Amino acid sequence: MGRLIATLLIWLLPLSAAAQQVWTPGSYDNGDFFFGTATLPDFSVALSCGERSPMRPDWRGPQDMHATVTAPGVIQMRFSKQVLGPPRDELGTETRDVKILAGGVTYQLPPAGFNYFDDAWTVPLSAADPFFAALGQANGFQVDSLLGRVNIPTTGLHSAWIQLIAFCESKFRDIGLGWAPSPPGAAGQAPQPPAGSPAAPPAPQPANDAMVEVAYTHVAQVCGRQPVTLGPGHLLIGNIDGDGRNDVVIWWDAIDCGPPLSRPVCGASQCLVETFLTAAWTGKPEPFYAASAAIVRGSNGLDLLQTTGRLAVCNDPAAPPDCTFYHGWFNGSFQRLN
């Protein structure tokens, strides 16, 4: 049955789109079930909705056909085995952690489960989630999982999304269910912080503030000269502690101090990360080392510092499986959250 669905999807795609890796809309109604799709020709990533056909509203079909059914207002996001890898659990209970990097923001999806009928990893998401708008506006995005990062193009995605939603709305209306998108936040932004953080922190002030100047002064002092070469992502700015003032993180991997020692605080596999938090400022930044650093949005609205560890840290039994760590504000202090 999985081959049948794949064959139908291929039939819906123009050959020119397959050659160019362009997102293409498709639809199908066999009189028992309908489904609409927005997909790439290689099926690496796809979006879909589906339910019983309006031609036979009393027909539910074989039980395995329910793999294509979605609730009103819900879009199923599909990832191929080439993107997330094959399942290791023949019982179908295994899940995979998936992050999407789009437009400079990291989104943590709910756990993706393997759908043996569709031969792919799937996760249901609210059609109203701003996550989808971010994908449509991004110049490509990346799928981050235990296999690493896979680059996904977005050519044609915005148009395919509009046509997919129009089809879903029409069909769900025809079977009397309506299309009322569930509340946004199913994809959300990574990760879920512990309870107790402020629910609605004030927005950060413009980047040209005092803490930014403190950070740049610190860079000049460490390098021993000015100016220095500042690469993309050298200064990460966000509202980490929730007080509405900009918190700053220096990522030293993106800074070149020049001769005689261009990277004085970096080793072979990791660099210094220094945090300048307004609510916990003591006159000195808090330092630690990491292999990467980025600011991501927590689901309660506060920003988090996301880092990855070096090999020795990743082999520690206490490290998360993907060796991705989140640091944020909890119980009045900045600490690691996982």
# chains A, B, ... in the order shown; residues from 1 in each chain; ligands from 1
$ residues_around --residues "stretch 81-85 of chain A" --least-positions-apart "2" --cutoff "8 Å" --atoms "only C-alpha atoms" --output "list of chain:residue names"
A:Ser44, A:Phe79, A:Pro87, A:Arg96, A:Asp119, A:Ala120, A:Trp121, A:Val143, A:Ser145, A:Leu146, A:Leu147, A:Val150
$ residues_around --residues "A:Gly178" --least-positions-apart "6" --cutoff "8 Å" --atoms "only C-alpha atoms" --output "number ranges by chain"
A: 72, 169, 172
$ closest_residue --among "A:Gln221, A:Val296, A:Glu213, A:Leu261" --to "A:Leu236" --atoms "only C-alpha atoms"
A:Val296
$ residues_around --residues "A:Glu274" --least-positions-apart "4" --cutoff "9 Å" --atoms "only C-alpha atoms" --output "list in words"
Val248, Val249, Ile250, Trp251, Trp252, Pro285, Glu286, Pro287, Phe288 and Tyr289 of chain A
$ write_last_selection --atoms "N, CA and C atoms" --output "JSON list (two decimals), in the first residue's frame"
[["chain", "number", "residue", "atom", "x", "y", "z"],
["A", 248, "VAL", "N", 23.55, 39.06, 26.12],
["A", 248, "VAL", "CA", 24.50, 38.89, 25.03],
["A", 248, "VAL", "C", 25.35, 37.66, 25.28],
["A", 249, "VAL", "N", 25.60, 36.92, 24.22],
["A", 249, "VAL", "CA", 26.50, 35.76, 24.28],
["A", 249, "VAL", "C", 27.58, 35.96, 23.22],
["A", 250, "ILE", "N", 28.83, 35.84, 23.62],
["A", 250, "ILE", "CA", 29.95, 35.90, 22.66],
["A", 250, "ILE", "C", 30.30, 34.48, 22.24],
["A", 251, "TRP", "N", 30.29, 34.24, 20.92],
["A", 251, "TRP", "CA", 30.70, 32.95, 20.38],
["A", 251, "TRP", "C", 32.05, 33.17, 19.71],
["A", 252, "TRP", "N", 33.10, 32.72, 20.40],
["A", 252, "TRP", "CA", 34.46, 33.05, 19.99],
["A", 252, "TRP", "C", 34.91, 32.34, 18.72],
["A", 285, "PRO", "N", 31.72, 38.02, 32.55],
["A", 285, "PRO", "CA", 30.85, 37.05, 31.87],
["A", 285, "PRO", "C", 31.06, 35.66, 32.45],
["A", 286, "GLU", "N", 30.05, 34.82, 32.27],
["A", 286, "GLU", "CA", 30.17, 33.42, 32.69],
["A", 286, "GLU", "C", 30.70, 32.61, 31.50],
["A", 287, "PRO", "N", 31.86, 31.95, 31.66],
["A", 287, "PRO", "CA", 32.47, 31.24, 30.52],
["A", 287, "PRO", "C", 32.24, 29.74, 30.57],
["A", 288, "PHE", "N", 32.16, 29.11, 29.41],
["A", 288, "PHE", "CA", 32.27, 27.67, 29.26],
["A", 288, "PHE", "C", 32.61, 27.38, 27.81],
["A", 289, "TYR", "N", 32.91, 26.12, 27.50],
["A", 289, "TYR", "CA", 33.35, 25.76, 26.15],
["A", 289, "TYR", "C", 32.30, 24.90, 25.45]]
$ atom_distance --atom1 "atom CA of A:Glu51" --atom2 "atom CA of A:Arg88"
29.2 Å
$ residues_around --residues "A:Thr70" --least-positions-apart "5" --cutoff "9 Å" --atoms "only C-alpha atoms" --output "PyMOL selection string"
chain A and resi 48-51+75-76+124
$ residues_around --residues "A:Met55" --least-positions-apart "4" --cutoff "10 Å" --atoms "only C-alpha atoms" --output "list in words"
Asp29, Asn30, Gly31, Asp32, Phe33, Phe34, Trp59, Asp174 and Ile175 of chain A
$ closest_residue --among "A:Leu177, A:Ile162, A:Ile255, A:Ile240" --to "A:Gly328" --atoms "only C-alpha atoms"
A:Ile240
$ atom_distance --atom1 "atom CA of A:Trp161" --atom2 "atom CA of A:Arg78"
14.2 Å
$ closest_residue --among "A:Ile295, A:Ala71, A:Leu272, A:Ala290" --to "A:Asp247" --atoms "only C-alpha atoms"
A:Ile295
$ closest_residue --among "A:Val74, A:Val214, A:Ile152, A:Ala127" --to "A:Trp281" --atoms "only C-alpha atoms"
A:Val214
$ residues_around --residues "A:Ala133" --least-positions-apart "6" --cutoff "12 Å" --atoms "only C-alpha atoms" --output "ChimeraX atom specification"
/A:102-103,126-127,154,157-159,161-162,184,187
